[in-house]
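Colleague: start_14.cif (mmCIF, C-alpha atoms and all ligand atoms) pasted underneath:
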```cif
data_start
loop_
_atom_site.label_atom_id
_atom_site.label_comp_id
_atom_site.auth_asym_id
_atom_site.auth_seq_id
_atom_site.Cartn_x
_atom_site.Cartn_y
_atom_site.Cartn_z
CA MET A 1 -32.58 -57.39 -120.29
CA ALA A 2 -34.32 -56.48 -117.03
CA ILE A 3 -36.62 -59.12 -115.58
CA ASP A 4 -40.22 -57.99 -115.94
CA LEU A 5 -42.52 -60.84 -114.97
CA THR A 6 -45.74 -61.46 -116.86
CA GLN A 7 -48.96 -62.69 -115.22
CA GLU A 8 -48.36 -66.08 -116.89
CA GLN A 9 -44.90 -66.32 -115.31
CA ILE A 10 -46.25 -65.38 -111.88
CA ALA A 11 -48.95 -68.04 -112.23
CA ALA A 12 -46.39 -70.65 -113.38
CA PHE A 13 -44.25 -69.93 -110.33
CA ALA A 14 -47.24 -70.29 -107.97
CA ARG A 15 -48.11 -73.65 -109.56
CA ASP A 16 -44.65 -75.17 -110.13
CA GLY A 17 -42.34 -73.48 -107.59
CA PHE A 18 -40.04 -72.24 -110.36
CA VAL A 19 -40.29 -70.12 -113.49
CA ILE A 20 -38.01 -69.64 -116.50
CA VAL A 21 -37.12 -66.11 -117.70
CA GLU A 22 -35.12 -65.83 -120.93
CA ASN A 23 -32.50 -63.24 -121.99
CA VAL A 24 -31.59 -61.97 -118.54
CA LEU A 25 -27.90 -61.60 -119.50
CA ASP A 26 -26.61 -60.31 -122.85
CA ALA A 27 -23.74 -61.88 -124.77
CA ASP A 28 -21.09 -59.44 -123.48
CA THR A 29 -22.08 -59.99 -119.84
CA ILE A 30 -22.07 -63.76 -120.34
CA ALA A 31 -18.58 -63.61 -121.86
CA ALA A 32 -17.29 -61.33 -119.10
CA ALA A 33 -18.70 -63.61 -116.38
CA ARG A 34 -17.31 -66.78 -117.98
CA ALA A 35 -13.88 -65.13 -118.12
CA ARG A 36 -13.88 -64.71 -114.33
CA PHE A 37 -14.19 -68.44 -113.50
CA GLU A 38 -10.54 -69.41 -114.03
CA PRO A 39 -9.12 -66.48 -112.02
CA LEU A 40 -11.72 -66.78 -109.25
CA PHE A 41 -11.11 -70.47 -108.62
CA ALA A 42 -7.36 -69.79 -108.79
CA GLY A 43 -7.76 -67.29 -105.96
CA GLU A 44 -7.46 -64.04 -107.93
CA PHE A 45 -9.98 -61.68 -106.37
CA ASP A 46 -10.29 -58.22 -107.90
CA THR A 47 -11.67 -56.70 -104.68
CA GLY A 48 -8.86 -58.27 -102.64
CA LEU A 49 -11.39 -60.13 -100.45
CA GLN A 50 -11.91 -63.89 -100.29
CA PRO A 51 -15.42 -65.25 -100.85
CA ASP A 52 -17.22 -66.73 -97.81
CA GLU A 53 -17.03 -70.35 -99.05
CA TRP A 54 -14.83 -71.97 -101.64
CA ASN A 55 -14.92 -75.80 -102.03
CA TRP A 56 -12.43 -76.22 -104.89
CA ARG A 57 -9.17 -74.48 -105.80
CA THR A 58 -7.10 -74.79 -108.95
CA GLY A 59 -4.33 -77.30 -108.32
CA SER A 60 -5.74 -78.73 -105.08
CA GLY A 61 -9.43 -79.62 -105.49
CA ARG A 62 -10.90 -83.07 -106.20
CA PRO A 63 -11.23 -83.21 -110.00
CA ASP A 64 -14.75 -84.67 -110.00
CA VAL A 65 -16.73 -82.34 -107.70
CA THR A 66 -18.94 -79.48 -108.83
CA ARG A 67 -16.92 -76.36 -108.03
CA GLN A 68 -18.67 -73.80 -105.88
CA ILE A 69 -17.89 -70.37 -104.49
CA CYS A 70 -20.36 -68.69 -102.12
CA ASN A 71 -20.45 -64.92 -102.00
CA GLY A 72 -18.34 -64.41 -105.06
CA TRP A 73 -19.78 -60.88 -105.12
CA LYS A 74 -17.52 -59.90 -102.25
CA ALA A 75 -14.48 -61.09 -104.20
CA ASP A 76 -15.33 -60.11 -107.75
CA SER A 77 -16.97 -57.04 -109.25
CA THR A 78 -18.24 -58.86 -112.38
CA VAL A 79 -20.16 -61.33 -110.22
CA ALA A 80 -21.39 -58.45 -108.04
CA ALA A 81 -22.77 -56.57 -111.05
CA ILE A 82 -24.98 -59.58 -111.83
CA VAL A 83 -26.18 -60.87 -108.46
CA LEU A 84 -26.84 -57.43 -106.95
CA ARG A 85 -29.14 -56.32 -109.78
CA GLU A 86 -32.24 -54.40 -108.77
CA ASP A 87 -34.54 -56.35 -111.08
CA ILE A 88 -33.48 -59.66 -109.50
CA GLY A 89 -34.49 -58.30 -106.08
CA ARG A 90 -37.74 -56.95 -107.48
CA ALA A 91 -38.69 -60.25 -109.13
CA CYS A 92 -37.85 -62.28 -106.01
CA ALA A 93 -39.91 -59.93 -103.80
CA GLN A 94 -42.79 -59.89 -106.25
CA LEU A 95 -42.98 -63.69 -106.42
CA ARG A 96 -42.95 -64.08 -102.63
CA GLY A 97 -45.09 -61.08 -101.67
CA TRP A 98 -42.19 -59.50 -99.76
CA PRO A 99 -41.90 -55.71 -99.35
CA GLY A 100 -38.40 -55.96 -100.80
CA ALA A 101 -35.43 -58.28 -101.18
CA ARG A 102 -31.85 -58.33 -100.00
CA ILE A 103 -29.05 -60.66 -101.01
CA ASN A 104 -28.58 -63.60 -98.67
CA GLN A 105 -25.64 -65.12 -100.56
CA ASP A 106 -24.58 -65.94 -104.10
CA ASN A 107 -23.11 -69.05 -105.73
CA VAL A 108 -20.66 -69.32 -108.58
CA LEU A 109 -21.04 -72.88 -109.89
CA TRP A 110 -18.74 -74.63 -112.32
CA LYS A 111 -19.53 -78.12 -113.55
CA PRO A 112 -16.87 -79.26 -116.03
CA PRO A 113 -17.36 -82.52 -117.98
CA GLY A 114 -17.08 -85.53 -115.68
CA THR A 115 -18.10 -83.74 -112.50
CA LYS A 116 -20.56 -85.28 -110.08
CA PRO A 117 -24.05 -84.32 -108.89
CA LEU A 118 -25.24 -81.83 -106.33
CA GLY A 119 -27.80 -83.62 -104.18
CA PHE A 120 -31.43 -82.56 -104.51
CA HIS A 121 -32.30 -80.24 -101.63
CA GLN A 122 -34.48 -77.34 -100.47
CA ASP A 123 -32.58 -74.06 -100.02
CA ASP A 124 -34.63 -73.11 -96.94
CA SER A 125 -33.19 -76.13 -95.07
CA TYR A 126 -29.94 -74.18 -94.72
CA GLN A 127 -31.50 -70.91 -93.52
CA GLU A 128 -32.28 -71.49 -89.85
CA TRP A 129 -30.06 -68.52 -88.96
CA VAL A 130 -32.49 -66.19 -90.75
CA GLU A 131 -35.87 -64.99 -89.51
CA PRO A 132 -38.12 -65.58 -91.43
CA CYS A 133 -36.41 -68.74 -92.69
CA GLU A 134 -37.28 -68.14 -96.35
CA MET A 135 -35.20 -67.86 -99.48
CA MET A 136 -35.94 -67.08 -103.09
CA THR A 137 -33.38 -67.80 -105.77
CA CYS A 138 -32.47 -66.52 -109.20
CA TRP A 139 -30.29 -69.13 -110.96
CA ILE A 140 -28.68 -67.93 -114.23
CA THR A 141 -26.87 -70.14 -116.72
CA LEU A 142 -23.79 -68.89 -118.58
CA ASP A 143 -23.89 -71.87 -120.96
CA ASP A 144 -26.56 -73.42 -123.16
CA THR A 145 -27.74 -76.33 -121.02
CA ARG A 146 -28.41 -79.95 -121.93
CA ALA A 147 -30.11 -82.71 -119.98
CA ASP A 148 -26.94 -84.86 -120.04
CA GLN A 149 -24.68 -81.97 -119.07
CA GLY A 150 -25.66 -81.57 -115.43
CA THR A 151 -28.21 -78.81 -115.81
CA ILE A 152 -30.37 -77.81 -112.85
CA GLU A 153 -33.49 -79.94 -112.31
CA TYR A 154 -36.61 -79.16 -110.31
CA VAL A 155 -39.34 -81.25 -108.73
CA ARG A 156 -42.49 -79.60 -109.97
CA GLY A 157 -44.82 -78.42 -107.20
CA SER A 158 -42.46 -79.41 -104.38
CA HIS A 159 -42.49 -75.86 -102.94
CA LEU A 160 -45.77 -76.97 -101.35
CA TRP A 161 -44.12 -79.85 -99.46
CA PRO A 162 -43.06 -79.49 -95.79
CA LEU A 163 -39.57 -78.23 -94.99
CA SER A 164 -37.00 -81.04 -94.61
CA PRO A 165 -33.67 -80.97 -92.76
CA PRO A 166 -30.40 -80.43 -94.69
CA ILE A 167 -29.66 -83.43 -96.92
CA GLY A 168 -27.15 -86.12 -95.95
CA GLU A 169 -24.63 -85.47 -98.72
CA PHE A 170 -24.66 -82.25 -100.74
CA HIS A 171 -21.52 -82.59 -102.91
CA ALA A 172 -21.10 -85.69 -105.10
CA PRO A 173 -23.68 -88.00 -103.45
CA ASP A 174 -24.02 -91.54 -104.86
CA ASP A 175 -27.78 -91.06 -105.07
CA PRO A 176 -28.66 -87.37 -105.63
CA LEU A 177 -32.39 -88.08 -105.30
CA ALA A 178 -32.27 -89.99 -102.00
CA ASP A 179 -33.45 -87.28 -99.59
CA MET A 180 -35.98 -85.94 -102.09
CA ARG A 181 -37.65 -89.37 -102.33
CA VAL A 182 -38.05 -89.49 -98.55
CA ALA A 183 -39.55 -85.99 -98.60
CA ALA A 184 -41.91 -86.96 -101.41
CA GLY A 185 -43.10 -89.84 -99.25
CA HIS A 186 -43.77 -87.48 -96.34
CA ALA A 187 -45.66 -85.17 -98.71
CA GLY A 188 -47.75 -88.11 -99.98
CA VAL A 189 -46.35 -87.84 -103.52
CA ASP A 190 -45.74 -91.26 -105.16
CA ASP A 191 -44.24 -90.15 -108.43
CA PRO A 192 -42.43 -86.80 -108.18
CA GLU A 193 -42.08 -85.08 -111.56
CA ILE A 194 -38.50 -83.99 -112.24
CA VAL A 195 -38.08 -81.19 -114.79
CA SER A 196 -34.69 -80.79 -116.45
CA ILE A 197 -34.01 -77.17 -117.46
CA VAL A 198 -32.75 -77.05 -121.06
CA VAL A 199 -32.28 -73.39 -122.00
CA LYS A 200 -29.96 -70.91 -123.71
CA ALA A 201 -27.08 -69.14 -121.96
CA GLY A 202 -28.32 -65.98 -120.25
CA THR A 203 -31.59 -67.59 -119.13
CA ALA A 204 -32.65 -67.33 -115.47
CA VAL A 205 -34.82 -69.65 -113.44
CA LEU A 206 -36.42 -68.20 -110.31
CA HIS A 207 -37.18 -70.80 -107.65
CA HIS A 208 -38.89 -70.92 -104.26
CA GLY A 209 -36.78 -71.78 -101.20
CA ARG A 210 -38.75 -74.98 -100.65
CA THR A 211 -38.61 -76.25 -104.23
CA TRP A 212 -36.54 -79.44 -104.37
CA HIS A 213 -33.74 -79.11 -106.92
CA GLY A 214 -30.24 -80.29 -107.73
CA SER A 215 -28.13 -81.39 -110.68
CA ARG A 216 -26.69 -84.68 -111.88
CA ASP A 217 -23.36 -85.64 -113.44
CA ASN A 218 -22.06 -83.67 -116.38
CA ARG A 219 -21.87 -86.49 -118.95
CA GLY A 220 -21.34 -84.13 -121.90
CA GLU A 221 -18.25 -82.50 -123.36
CA ASN A 222 -18.89 -78.87 -122.35
CA PRO A 223 -18.80 -77.14 -118.95
CA ARG A 224 -22.00 -75.90 -117.29
CA ARG A 225 -21.43 -72.61 -115.43
CA SER A 226 -24.02 -70.70 -113.42
CA ILE A 227 -24.27 -67.62 -111.26
CA VAL A 228 -26.93 -67.73 -108.57
CA ALA A 229 -28.45 -64.95 -106.45
CA HIS A 230 -30.14 -66.22 -103.29
CA CYS A 231 -32.41 -63.51 -101.84
CA MET A 232 -34.39 -63.10 -98.63
CA SER A 233 -36.97 -60.54 -97.55
CA SER A 234 -35.70 -56.99 -97.08
CA GLU A 235 -37.19 -57.32 -93.57
CA ALA A 236 -35.15 -60.44 -92.69
CA ARG A 237 -33.19 -60.42 -89.43
CA PHE A 238 -30.75 -62.81 -87.81
CA HIS A 239 -32.43 -65.48 -85.73
CA ASP A 240 -31.79 -64.64 -82.09
CA SER A 241 -30.57 -68.14 -81.16
CA HIS A 242 -30.00 -70.32 -84.27
CA VAL A 243 -26.44 -69.85 -85.41
CA GLY A 244 -25.29 -70.32 -89.02
CA PRO A 245 -21.60 -71.29 -88.77
CA ILE A 246 -20.52 -68.95 -91.57
CA TYR A 247 -23.15 -66.27 -92.03
CA SER A 248 -23.90 -65.54 -88.35
CA ARG A 249 -20.34 -64.18 -88.25
CA TYR A 250 -21.92 -61.02 -89.65
CA LYS A 251 -24.33 -60.68 -86.69
CA ARG A 252 -23.62 -57.97 -84.15
CA ARG A 253 -23.63 -59.18 -80.53
CA ASP A 254 -26.42 -56.90 -79.37
CA SER A 255 -28.74 -56.85 -82.38
CA THR A 256 -30.53 -59.10 -84.87
CA GLU A 257 -30.41 -56.41 -87.55
CA MET A 258 -28.70 -57.27 -90.84
CA ASP A 259 -25.96 -54.89 -91.92
CA GLU A 260 -26.37 -53.67 -95.49
CA SER A 261 -22.61 -53.90 -96.05
CA PHE A 262 -23.00 -57.69 -96.02
CA PHE A 263 -26.68 -58.16 -96.92
CA PRO A 264 -27.52 -55.22 -99.19
CA VAL A 265 -31.13 -54.44 -100.11
CA LEU A 266 -31.46 -54.93 -103.87
CA TRP A 267 -34.97 -53.54 -104.21
CA ARG A 268 -37.75 -52.31 -101.96
CA GLN A 269 -41.25 -51.32 -102.97
CA ASP A 270 -40.84 -47.88 -101.37
CA GLY A 271 -37.98 -47.14 -103.81
CA TYR A 272 -35.13 -47.81 -101.39
CA ARG A 273 -32.01 -49.64 -102.57
CA THR A 274 -28.78 -49.88 -100.52
CA ARG A 275 -26.92 -46.70 -101.40
CA TRP A 276 -23.43 -48.06 -102.03
CA LEU A 277 -24.69 -50.54 -104.68
CA ASP A 278 -24.87 -47.97 -107.45
CA ALA A 279 -21.94 -45.82 -106.32
O1 LIG B 301 -26.82 -75.37 -110.37
C1 LIG B 301 -26.92 -76.36 -109.63
O2 LIG B 301 -26.40 -77.42 -109.91
C2 LIG B 301 -27.68 -76.27 -108.34
C3 LIG B 301 -27.86 -74.87 -107.89
C4 LIG B 301 -28.55 -74.71 -106.60
O3 LIG B 301 -28.59 -75.58 -105.77
C5 LIG B 301 -29.26 -73.45 -106.38
O4 LIG B 301 -29.25 -72.57 -107.25
O5 LIG B 301 -29.89 -73.30 -105.31
#
```
Represent the structure contained in this file as structure tokens.
Ligand SMILES: O=C(O)CCC(=O)C(=O)O
Modeller:
Amino acid sequence: MAIDLTQEQIAAFARDGFVIVENVLDADTIAAARARFEPLFAGEFDTGLQPDEWNWRTGSGRPDVTRQICNGWKADSTVAAIVLREDIGRACAQLRGWPGARINQDNVLWKPPGTKPLGFHQDDSYQEWVEPCEMMTCWITLDDTRADQGTIEYVRGSHLWPLSPPIGEFHAPDDPLADMRVAAGHAGVDDPEIVSIVVKAGTAVLHHGRTWHGSRDNRGENPRRSIVAHCMSSEARFHDSHVGPIYSRYKRRDSTEMDESFFPVLWRQDGYRTRWLDA
């Protein structure tokens, strides 16, 4: 079902830095997306292209890390059909007051039983290569989530805290809350409220690029799989001097303009959407 935010949801986002939207994927789409995890992490890409980042491969990855692919949309058309949706761009732009939204990158996340945390972080800490340095994320679960099964967790209201540097250890940290606690101290917050997202498969959570979030160990018996669309303003450009080691590869030498082949515009308030998306 297309995301169509209510006034209550917009107000919840402004207050909390995240908002839950149910029934964003139907059962067939969930099943189709789940079926792509094994082939993707085994290196079978239906477009023939590798994703931009890939931390775990079947047969060679550490068994206990959360498995993550970045820019699965370039490798897989089922992932692309989800993360490049127009309504995701519209909702992200609407919540941030942007004139439109383009994809910055996606994540395909696979947390089988026994896998370790992703450290709590702010997404904007990793966006210095973008001007303005602002992200807005639509996280979608493909499984019913449980608090003990490594679901995503948010620190309520932390989108109002200052921007912190990238965290010390992103994958499998011993203390996933360590950097967040320091940031809470800087923000003058003694007792940060952590909200564990327990929802049905197909539910999305939209979060602000400064909202602290992460996930802990999967101590249950089922996997937790998610597909995540990270958006930025349709007006975003490359920063003229800060280099992102992976994504600044897509910057032309003589321009800060973002090429729609790599950063397509999902939705713009004037009706524009990158033409090849619906071809
Ligand atoms: O799903 C998770 O464990 C964390 C996802 C995340 O960091 C994100 O969506 O920005």
Colleague: Using all atoms listed in the file, tabulate the residues of chain A lying at most 9 Å from any atom of ligand LIG 301 (chain B), each with its closest atom pair and that distance in Å to one decimal, by chain and increasing residue number, as CSV.
Modeller:
```
residue,atom,partner,partner_atom,distance
A:Thr66,CA,B:LIG301,O2,7.8
A:Asp106,CA,B:LIG301,O4,8.7
A:Asn107,CA,B:LIG301,O4,7.2
A:Val108,CA,B:LIG301,O1,8.8
A:Leu109,CA,B:LIG301,O1,6.3
A:Trp110,CA,B:LIG301,O1,8.3
A:Lys111,CA,B:LIG301,O2,7.8
A:Pro117,CA,B:LIG301,O2,7.4
A:Leu118,CA,B:LIG301,O2,5.8
A:Gly119,CA,B:LIG301,O3,8.2
A:Phe120,CA,B:LIG301,O3,7.6
A:His121,CA,B:LIG301,O3,7.3
A:Gln122,CA,B:LIG301,O5,7.8
A:Asp123,CA,B:LIG301,O5,6.0
A:Met136,CA,B:LIG301,O5,9.0
A:Thr137,CA,B:LIG301,O4,6.5
A:Cys138,CA,B:LIG301,O4,7.1
A:Trp139,CA,B:LIG301,O4,5.2
A:Ile140,CA,B:LIG301,O4,8.4
A:Thr141,CA,B:LIG301,O1,8.2
A:Gly150,CA,B:LIG301,O2,6.9
A:Thr151,CA,B:LIG301,O2,6.3
A:Ile152,CA,B:LIG301,C1,4.9
A:Glu153,CA,B:LIG301,O2,7.9
A:Val205,CA,B:LIG301,O4,8.8
A:Leu206,CA,B:LIG301,O4,8.9
A:His207,CA,B:LIG301,O5,8.1
A:Gly209,CA,B:LIG301,O5,8.2
A:Trp212,CA,B:LIG301,O3,8.9
A:His213,CA,B:LIG301,O3,6.3
A:Gly214,CA,B:LIG301,C2,4.8
A:Ser215,CA,B:LIG301,O2,4.4
A:Arg216,CA,B:LIG301,O2,7.5
A:Arg224,CA,B:LIG301,O1,8.4
A:Arg225,CA,B:LIG301,O1,7.9
A:Ser226,CA,B:LIG301,O1,6.2
A:Ile227,CA,B:LIG301,O4,8.1
A:Val228,CA,B:LIG301,O4,5.5
A:Ala229,CA,B:LIG301,O4,7.7
A:His230,CA,B:LIG301,O5,7.4
```
Colleague: May I have the protein, DNA and RNA residues with any atom at most 12 Å from the point (-24.3, -64.9, -97.5), counting all atoms listed in the file, written as a PDB file with C-alpha atoms, in the frame of the given file?
Modeller:
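Final output, saved to selection.pdb:
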```pdb
ATOM      1  CA  PRO A  51     -15.420 -65.250-100.850  1.00  0.00           C
ATOM      2  CA  ASP A  52     -17.220 -66.730 -97.810  1.00  0.00           C
ATOM      3  CA  GLU A  53     -17.030 -70.350 -99.050  1.00  0.00           C
ATOM      4  CA  ILE A  69     -17.890 -70.370-104.490  1.00  0.00           C
ATOM      5  CA  CYS A  70     -20.360 -68.690-102.120  1.00  0.00           C
ATOM      6  CA  ASN A  71     -20.450 -64.920-102.000  1.00  0.00           C
ATOM      7  CA  GLY A  72     -18.340 -64.410-105.060  1.00  0.00           C
ATOM      8  CA  TRP A  73     -19.780 -60.880-105.120  1.00  0.00           C
ATOM      9  CA  LYS A  74     -17.520 -59.900-102.250  1.00  0.00           C
ATOM     10  CA  VAL A  83     -26.180 -60.870-108.460  1.00  0.00           C
ATOM     11  CA  ARG A 102     -31.850 -58.330-100.000  1.00  0.00           C
ATOM     12  CA  ILE A 103     -29.050 -60.660-101.010  1.00  0.00           C
ATOM     13  CA  ASN A 104     -28.580 -63.600 -98.670  1.00  0.00           C
ATOM     14  CA  GLN A 105     -25.640 -65.120-100.560  1.00  0.00           C
ATOM     15  CA  ASP A 106     -24.580 -65.940-104.100  1.00  0.00           C
ATOM     16  CA  ASN A 107     -23.110 -69.050-105.730  1.00  0.00           C
ATOM     17  CA  TYR A 126     -29.940 -74.180 -94.720  1.00  0.00           C
ATOM     18  CA  GLN A 127     -31.500 -70.910 -93.520  1.00  0.00           C
ATOM     19  CA  TRP A 129     -30.060 -68.520 -88.960  1.00  0.00           C
ATOM     20  CA  VAL A 130     -32.490 -66.190 -90.750  1.00  0.00           C
ATOM     21  CA  MET A 135     -35.200 -67.860 -99.480  1.00  0.00           C
ATOM     22  CA  VAL A 228     -26.930 -67.730-108.570  1.00  0.00           C
ATOM     23  CA  ALA A 229     -28.450 -64.950-106.450  1.00  0.00           C
ATOM     24  CA  HIS A 230     -30.140 -66.220-103.290  1.00  0.00           C
ATOM     25  CA  CYS A 231     -32.410 -63.510-101.840  1.00  0.00           C
ATOM     26  CA  MET A 232     -34.390 -63.100 -98.630  1.00  0.00           C
ATOM     27  CA  PHE A 238     -30.750 -62.810 -87.810  1.00  0.00           C
ATOM     28  CA  GLY A 244     -25.290 -70.320 -89.020  1.00  0.00           C
ATOM     29  CA  PRO A 245     -21.600 -71.290 -88.770  1.00  0.00           C
ATOM     30  CA  ILE A 246     -20.520 -68.950 -91.570  1.00  0.00           C
ATOM     31  CA  TYR A 247     -23.150 -66.270 -92.030  1.00  0.00           C
ATOM     32  CA  SER A 248     -23.900 -65.540 -88.350  1.00  0.00           C
ATOM     33  CA  ARG A 249     -20.340 -64.180 -88.250  1.00  0.00           C
ATOM     34  CA  TYR A 250     -21.920 -61.020 -89.650  1.00  0.00           C
ATOM     35  CA  LYS A 251     -24.330 -60.680 -86.690  1.00  0.00           C
ATOM     36  CA  MET A 258     -28.700 -57.270 -90.840  1.00  0.00           C
ATOM     37  CA  ASP A 259     -25.960 -54.890 -91.920  1.00  0.00           C
ATOM     38  CA  GLU A 260     -26.370 -53.670 -95.490  1.00  0.00           C
ATOM     39  CA  SER A 261     -22.610 -53.900 -96.050  1.00  0.00           C
ATOM     40  CA  PHE A 262     -23.000 -57.690 -96.020  1.00  0.00           C
ATOM     41  CA  PHE A 263     -26.680 -58.160 -96.920  1.00  0.00           C
ATOM     42  CA  PRO A 264     -27.520 -55.220 -99.190  1.00  0.00           C
TER      43      PRO A 264
END
```
Colleague: Quick one, how far is CA of Val65 in chain A from CA of Gly168 in chain A?
Modeller: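 Computed distance, CA of Val65 in chain A to CA of Gly168 in chain A, equals 16.2 Å.
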Colleague: Need the shell around range 265-272 of chain A: protein/DNA/RNA residues with any atom at most 9 Å away, counting only C-alpha atoms. Skip same-chain ones fewer than 4 positions apart. Format as a short mmCIF file (atom, residue, chain, number, x, y, z; two decimals) with C-alpha atoms, in the frame of the given file?
Modeller:
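Saved as part02.cif:
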```cif
data_model
loop_
_atom_site.label_atom_id
_atom_site.label_comp_id
_atom_site.auth_asym_id
_atom_site.auth_seq_id
_atom_site.Cartn_x
_atom_site.Cartn_y
_atom_site.Cartn_z
CA LEU A 84 -26.84 -57.43 -106.95
CA ARG A 85 -29.14 -56.32 -109.78
CA GLU A 86 -32.24 -54.40 -108.77
CA ASP A 87 -34.54 -56.35 -111.08
CA ILE A 88 -33.48 -59.66 -109.50
CA GLY A 89 -34.49 -58.30 -106.08
CA ARG A 90 -37.74 -56.95 -107.48
CA ALA A 93 -39.91 -59.93 -103.80
CA TRP A 98 -42.19 -59.50 -99.76
CA PRO A 99 -41.90 -55.71 -99.35
CA GLY A 100 -38.40 -55.96 -100.80
CA ALA A 101 -35.43 -58.28 -101.18
CA ARG A 102 -31.85 -58.33 -100.00
CA ILE A 103 -29.05 -60.66 -101.01
CA CYS A 231 -32.41 -63.51 -101.84
CA SER A 233 -36.97 -60.54 -97.55
CA SER A 234 -35.70 -56.99 -97.08
CA GLU A 260 -26.37 -53.67 -95.49
CA LEU A 277 -24.69 -50.54 -104.68
#
```
Colleague: Which is closer to Glu221 in chain A than all the others in A:Arg146, A:Thr47, A:Thr58, A:Pro176, using all atoms listed in the file?
Modeller: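 Ranked by minimum distance to Glu221 in chain A, first place goes to A:Arg146.
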Colleague: Which is closer to Asp174 in chain A than all the others in A:Val21, A:Tyr154, A:Lys116, A:Ala147, using only C-alpha atoms?
Modeller: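 Closest to Asp174 in chain A, using only C-alpha atoms: A:Lys116.
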Colleague: Calculate how many Å separate CA of Glu44 in chain A from CA of Ala81 in chain A, rounding to one decimal.
Modeller: 17.3 Å
Colleague: What is the distance, in Å and to one decimal place, between CA of Thr203 in chain A and CA of Ile20 in chain A?
Modeller: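 These two atoms are separated by 7.2 Å.
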Colleague: So that I can look at just that part, could you write range 141-157 of chain A with N, CA and C atoms, as a tab-separated table (two decimals), in the first residue's frame?
Modeller:
```tsv
chain	number	residue	atom	x	y	z
A	141	THR	N	10.68	-3.80	7.36
A	141	THR	CA	10.98	-5.17	7.80
A	141	THR	C	10.26	-6.20	6.92
A	142	LEU	N	10.98	-7.29	6.62
A	142	LEU	CA	10.39	-8.40	5.85
A	142	LEU	C	9.94	-9.53	6.78
A	143	ASP	N	10.21	-9.36	8.09
A	143	ASP	CA	9.81	-10.37	9.07
A	143	ASP	C	9.05	-9.67	10.19
A	144	ASP	N	8.15	-10.42	10.85
A	144	ASP	CA	7.57	-9.90	12.09
A	144	ASP	C	8.75	-9.73	13.05
A	145	THR	N	8.80	-8.60	13.75
A	145	THR	CA	9.97	-8.37	14.61
A	145	THR	C	9.63	-8.66	16.07
A	146	ARG	N	10.69	-8.95	16.83
A	146	ARG	CA	10.54	-9.17	18.27
A	146	ARG	C	11.70	-8.48	18.97
A	147	ALA	N	11.47	-8.05	20.20
A	147	ALA	CA	12.50	-7.31	20.93
A	147	ALA	C	13.77	-8.14	21.10
A	148	ASP	N	13.64	-9.48	21.24
A	148	ASP	CA	14.84	-10.29	21.47
A	148	ASP	C	15.44	-10.79	20.16
A	149	GLN	N	14.88	-10.34	19.03
A	149	GLN	CA	15.35	-10.86	17.75
A	149	GLN	C	16.07	-9.80	16.93
A	150	GLY	N	16.69	-8.84	17.63
A	150	GLY	CA	17.54	-7.87	16.94
A	150	GLY	C	16.79	-6.90	16.07
A	151	THR	N	15.59	-6.51	16.50
A	151	THR	CA	14.88	-5.50	15.71
A	151	THR	C	15.56	-4.14	15.82
A	152	ILE	N	15.17	-3.21	14.95
A	152	ILE	CA	15.74	-1.86	15.04
A	152	ILE	C	15.21	-1.18	16.31
A	153	GLU	N	16.05	-0.33	16.89
A	153	GLU	CA	15.67	0.42	18.10
A	153	GLU	C	16.05	1.88	17.89
A	154	TYR	N	15.23	2.77	18.42
A	154	TYR	CA	15.45	4.21	18.26
A	154	TYR	C	15.54	4.88	19.61
A	155	VAL	N	16.32	5.96	19.66
A	155	VAL	CA	16.35	6.80	20.87
A	155	VAL	C	15.39	7.95	20.61
A	156	ARG	N	14.29	7.92	21.33
A	156	ARG	CA	13.23	8.89	21.07
A	156	ARG	C	13.73	10.33	21.26
A	157	GLY	N	13.45	11.17	20.27
A	157	GLY	CA	13.79	12.59	20.37
A	157	GLY	C	15.24	12.92	20.06
```
